[in-house]
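Report on the following structure.
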Amino acid sequence: MGVKVSVIVNVHNPGDTADACIRSALEQSMPAGDVEVLLVDDGSTDGTAERLDAIAAARPNVRALHLPCTGSPARGRNVGLAAAQGEYVFFLDQGDRLERDALARMYERAFETDADVLIGRLVRDSGPPMIAFIRSTGRADILRDRLLSVLGPQQLYRRAFLEEHDLGFSLTGGRLAEQAFVMRAYLHAKVIAVLAEHVCCHLGERPRLEDEPHAMAQELRALLKDIDTYVGEGRQRDRMYAYWYRYAVLRPLLTSRFADSSVDRGRHFRLVQQLVNERFPEKLDRHLPVQLRAVAAFVRTGRLDQIVLLAASTRRGGLLSELTEVRWDAHVLVLGLTVEVKGGDGRPDRYRVDGPRLHWVPPRSIDPKLLHPTVTNVSDAVERARIEVYVRHAETGDIYFLPLAQRVEVVQEGRRRARVQIKAEARIDVSSAAFGEPLLPGQWELHVRMYGGTNQARSRVRRGEGPLNCLGVLAQRPRMRLVVPCWTDQGELGLAVEPRSFAESIALVSPGAEVKQLDGHAYVVLPVPYVPPSGGPPLELVLHSTGHGREREVSAPALAEAGLPGKIAGQLVAKLPVRRMLPAPDHLCRGDWMASLRSAEEEIGLRFALSVRRGRVQVRPAAAVDPRRPSPLGRDTALHRLGRRLPGVRHVVRLARAGRHRYLT
């Protein structure tokens with residue numbers, strides 16, 4: 001049997017950033033005879049060509065192809081596709097990375113489903129989640145299964161299918177041309193399959209492709225013509241049109257690049273006007289969020305000035321996601337959330353009440369008389385508004401959506417104003433959240449995305465009014481594992497699965513540390529999320545002075561005490577003496593002190609610091625303390641403080657220090 005999969009890798013002056021990508025393609029679990037790797041070099045000048053030739057010379061299933069520099073991966077992909085011999089082809093950018101068993105899993109699923117296009121699960125370091133991977137399916141629908149959220153070329157394509165329909169990458173059109181290739185493949189394919197339960201490819205940072213307006217308009221017209229050919233008139237075609245209307249035509253007008261580019265702005269705007277008048281009738285506006293409906297209205301009336309003002313006013317808009325409740329239901333973490341849209345000023349959006357209808361209130365810089373009430377009416381959109389809650393692994397990028405119950409609430413603020421909030425309850429079952437499998441060990445971030453309503457945005461879940469429940473639980477599957485909810489240094493909610501030690505579990509929740517002072521001592525209280533039956537190993541709270549001065553260390557035993565039932569399993573209390581004036585050994589004195597926990601096996605840094613000023617001890621986030629700041633320890637005496645107040649003393653001290661170090665090499 002011949003080659004099963006050809007992997008086409010585009011590179012251009014990657015330095016060493018392409019090593020992981022190339023290695024992942026070469027070290028697949030499929031037999032070497034079943035995989036062909038085509039390394040296409042787009043005129044690199046950093047020695048990459050010679051490296052690729054050396055790799056190809058050492059492996060019979062690798063070929064290196066060299067092109068003159070084009071500045072775009074499109075020609076390289078077309079050349080690789082023409083040279084490929086595999087039954088299927090897979091495209092990789094130089095920053096991407098395949099899982100070791102990715103090709104074997106994707107080929108097996110494509111063979112089972114007889115798929116022309118197989119979309120394996122993709123993860124990325126940043127950007128919104130891909131809702132297409134909420135479940136696996138053997139016959140996916142473009143709209144029902146949200147395939148428009150996955151328009152990158154990193155998919156498995158049957159090579160004969162691409163050749164039959166003469167599908168290739170356009171050399172002009174920028175990023176839109178790349179997405180248009182994938183869209184045409186979706187339209188022509190008889191079977192599209194989705195493999196969601198296994199991560200196949202990690203997406204790296206994408207090379208920047210400039211979307212030249214004329215080429216973009218030409219590519220979009222051709223793509224819409226293909227949609228007309230393969231999709232009949234009706235709601236399905238309208239929704240496909242609305243997608244490209246939203247992302248390719250209107251949304252770029254609200255970017256800072258468009259708003260700040262006064263030279264090309266007028267030409268771009270005239271092209272958009274022409275496209276809108278030709279291909280996008282006003283009936284499609286009902287599929288848009290309200291800000292883009294306003295942009296569409298301004299395009300039709302030729303008000304470029306209002307679009308620029310709207311772009312500047314909404315640049316900082318987004319979501320406010322607050323945590324209102326945290327509780328454990330057996331081993332399932334239940335989270336209460338309140339989510340609402342915020343405007344460019346950072347405050348929640350207010351809506352104008354007009355009888356049973358709600359109307360969007362434009363920013364103050366926008367003339368509201370230019371917008372018809374049908375444009376600002378968001379009543380139907382508010383009813384359809386919903387959120388998605390998902391967890392993301394901080395290291396691997398794996399994303400899993402969570403089950404949740406939600407409802408929309410309109411909060412009246414007087415007779416003519418109202419806010420719109422979504423109240424939701426999400427459930428995290430760490431034993432089955434990953435498509436029926438347990439969550440991997442490590443740190444998981446919690447994200448919220450709102451769509452289908454008055455706006456589309458995403459955010460992290462932030463601390464609400466109440467304190468976080470620091471109680472950890474033991475999940476039963478596949479074995480006993482500790483799970484701890486915790487805050488990041490930025491006040492964002494996370495979930496730690498299977499901390500490596502007792503001290504690390506305490507470090508995760510250490511931002512909740514408190515300090516109390518009594519009789520010349522500071523009592524530092526640390527929350528403990530879980531106390532093992534043995535009570536845990538003996539621990540010592542260690543404080544290190546910061547700055548370039550003489551380093552000092554103060555330590556004290558951290559003794560375990562009972563916690564708050566249902567809130568904190570236990571707490572550690574350390575008693576430290578505080579010196580107000582002259583420094584002394586084993587005493588806290590003026591300055592900043594970084595905290596850590598020491599056991600017989602390890603010392604783990606805590607996420608808080610102590611700040612001592614005039615005998616008062618306060619807890620500060622560790623990230624807010626600059627360890628490079630000169631420490632006053634050892635020289636903050638009453639004589640020093642008096643000397644700093646005398647005229648000319650600072651100048652004399654500077655000269656003395658300069659003379660002392662003048663001849664040092």
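For the structure tokens, the naming scheme is as follows: chains receive sequential letters (A, B, ...) according to their order of presentation, residues are indexed from 1 within each chain, and ligands are indexed from 1 in presentation order.
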
- Item | DSSP-assigned strand (DSSP E or B) members of stretch 124-273 of chain A, reported as a ChimeraX atom specification | /A:124,137,156-158,192-203

Please provide the set of residues having any atom within 12 Å of A:Cys200, restricted to only C-alpha atoms, with same-chain residues fewer than 4 positions apart removed, written as a PDB file with C-alpha atoms, in the first residue's frame.
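Once everything was written out, this is out-v3.pdb:
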```
ATOM      1  CA  SER A  24       6.476  16.383  15.447  1.00  0.00           C
ATOM      2  CA  ALA A  25       5.911  15.517  11.779  1.00  0.00           C
ATOM      3  CA  GLN A  28       4.619  10.227  14.231  1.00  0.00           C
ATOM      4  CA  PHE A  90      -2.245  17.753   6.050  1.00  0.00           C
ATOM      5  CA  LEU A  92       1.272  22.665   8.878  1.00  0.00           C
ATOM      6  CA  ASP A  96       2.421  24.347  14.737  1.00  0.00           C
ATOM      7  CA  ARG A  97       3.019  21.012  16.428  1.00  0.00           C
ATOM      8  CA  LEU A  98       1.356  17.621  15.929  1.00  0.00           C
ATOM      9  CA  GLU A  99       0.658  15.191  18.737  1.00  0.00           C
ATOM     10  CA  ARG A 100       2.595  11.987  18.242  1.00  0.00           C
ATOM     11  CA  ASP A 101      -0.457   9.879  17.395  1.00  0.00           C
ATOM     12  CA  ALA A 102      -2.336  12.627  15.522  1.00  0.00           C
ATOM     13  CA  LEU A 103      -1.948  11.325  11.969  1.00  0.00           C
ATOM     14  CA  ALA A 104      -2.803   7.757  12.960  1.00  0.00           C
ATOM     15  CA  ARG A 105      -5.974   8.835  14.771  1.00  0.00           C
ATOM     16  CA  MET A 106      -7.087  11.224  12.031  1.00  0.00           C
ATOM     17  CA  TYR A 107      -6.437   8.750   9.208  1.00  0.00           C
ATOM     18  CA  LEU A 118     -11.359  15.399   8.609  1.00  0.00           C
ATOM     19  CA  ILE A 119     -11.049  18.123  11.246  1.00  0.00           C
ATOM     20  CA  GLY A 120      -8.897  16.938  14.147  1.00  0.00           C
ATOM     21  CA  ARG A 121      -9.051  18.758  17.456  1.00  0.00           C
ATOM     22  CA  LEU A 122      -6.953  21.938  17.425  1.00  0.00           C
ATOM     23  CA  VAL A 123      -5.747  23.933  20.428  1.00  0.00           C
ATOM     24  CA  ARG A 124      -3.991  27.299  20.543  1.00  0.00           C
ATOM     25  CA  PHE A 133     -14.868  20.553  18.940  1.00  0.00           C
ATOM     26  CA  GLN A 154      -4.594  22.531   9.488  1.00  0.00           C
ATOM     27  CA  GLN A 155      -6.999  19.750   8.515  1.00  0.00           C
ATOM     28  CA  LEU A 156      -6.821  16.375   6.785  1.00  0.00           C
ATOM     29  CA  VAL A 194     -14.846  15.970  13.285  1.00  0.00           C
ATOM     30  CA  LEU A 195     -12.481  14.235  15.724  1.00  0.00           C
ATOM     31  CA  ALA A 196     -12.952  16.081  19.020  1.00  0.00           C
ATOM     32  CA  THR A 396      -1.317  22.213  26.926  1.00  0.00           C
ATOM     33  CA  GLY A 397      -4.080  24.594  25.793  1.00  0.00           C
ATOM     34  CA  ASP A 398      -6.733  21.841  25.977  1.00  0.00           C
TER      35      ASP A 398
END
```

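Considering only C-alpha atoms, the residue among A:Gly566, A:Gly86, A:Gly343, A:Pro621 positioned nearest to A:Gly512 is A:Pro621.
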
- Atomic separation - atom CA of A:Ser534 relative to atom CA of A:Glu561, Å: 13.7 Å

- Item | Separation of atom CA of A:Ser6 from atom CA of A:Met30 in Å |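 Calculated distance between atom CA of A:Met30 and atom CA of A:Ser6 is 11.8 Å.
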
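The space separating atom CA of A:Val361 from atom CA of A:Ile387 comes to 21.9 Å.
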
- Task: Rank nothing, just name the residue among A:His521, A:Arg184, A:Arg75, A:Arg458 nearest to A:Phe169, using only C-alpha atoms.
- Result: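 So, comparing all the options, the nearest one is A:Arg75.
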
- Find the residues near A:Pro373: any atom within 8 Å, counting only C-alpha atoms, skip ones fewer than 3 places away on the same chain, and give them as a ChimeraX atom specification. /A:359,376-377

- Message: Set the distance at 12 Å and use only C-alpha atoms: which residues neighbour A:Gly436 once local chain neighbours fewer than 6 positions away are removed? I'd like the list as number ranges by chain.
- Response: A: 135, 197-198, 400-402, 428-430, 477-478

For the selection you just gave me, I'd like the residues written to a file as a PDB file, in the first residue's frame, keeping C-alpha atoms.
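In the end it all went to selection38.pdb:
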```
ATOM      1  CA  ARG A 135     -18.289  16.721  20.199  1.00  0.00           C
ATOM      2  CA  GLU A 197     -11.967  13.743  21.845  1.00  0.00           C
ATOM      3  CA  HIS A 198      -8.211  13.768  21.108  1.00  0.00           C
ATOM      4  CA  TYR A 400     -13.435  21.646  27.408  1.00  0.00           C
ATOM      5  CA  PHE A 401     -16.883  23.212  27.572  1.00  0.00           C
ATOM      6  CA  LEU A 402     -18.882  22.867  30.771  1.00  0.00           C
ATOM      7  CA  ILE A 428     -17.083  21.133  36.745  1.00  0.00           C
ATOM      8  CA  ASP A 429     -16.897  17.378  37.229  1.00  0.00           C
ATOM      9  CA  VAL A 430     -13.142  16.811  37.241  1.00  0.00           C
ATOM     10  CA  ARG A 477     -11.634   8.792  39.426  1.00  0.00           C
ATOM     11  CA  PRO A 478      -9.309   7.394  38.139  1.00  0.00           C
TER      12      PRO A 478
END
```
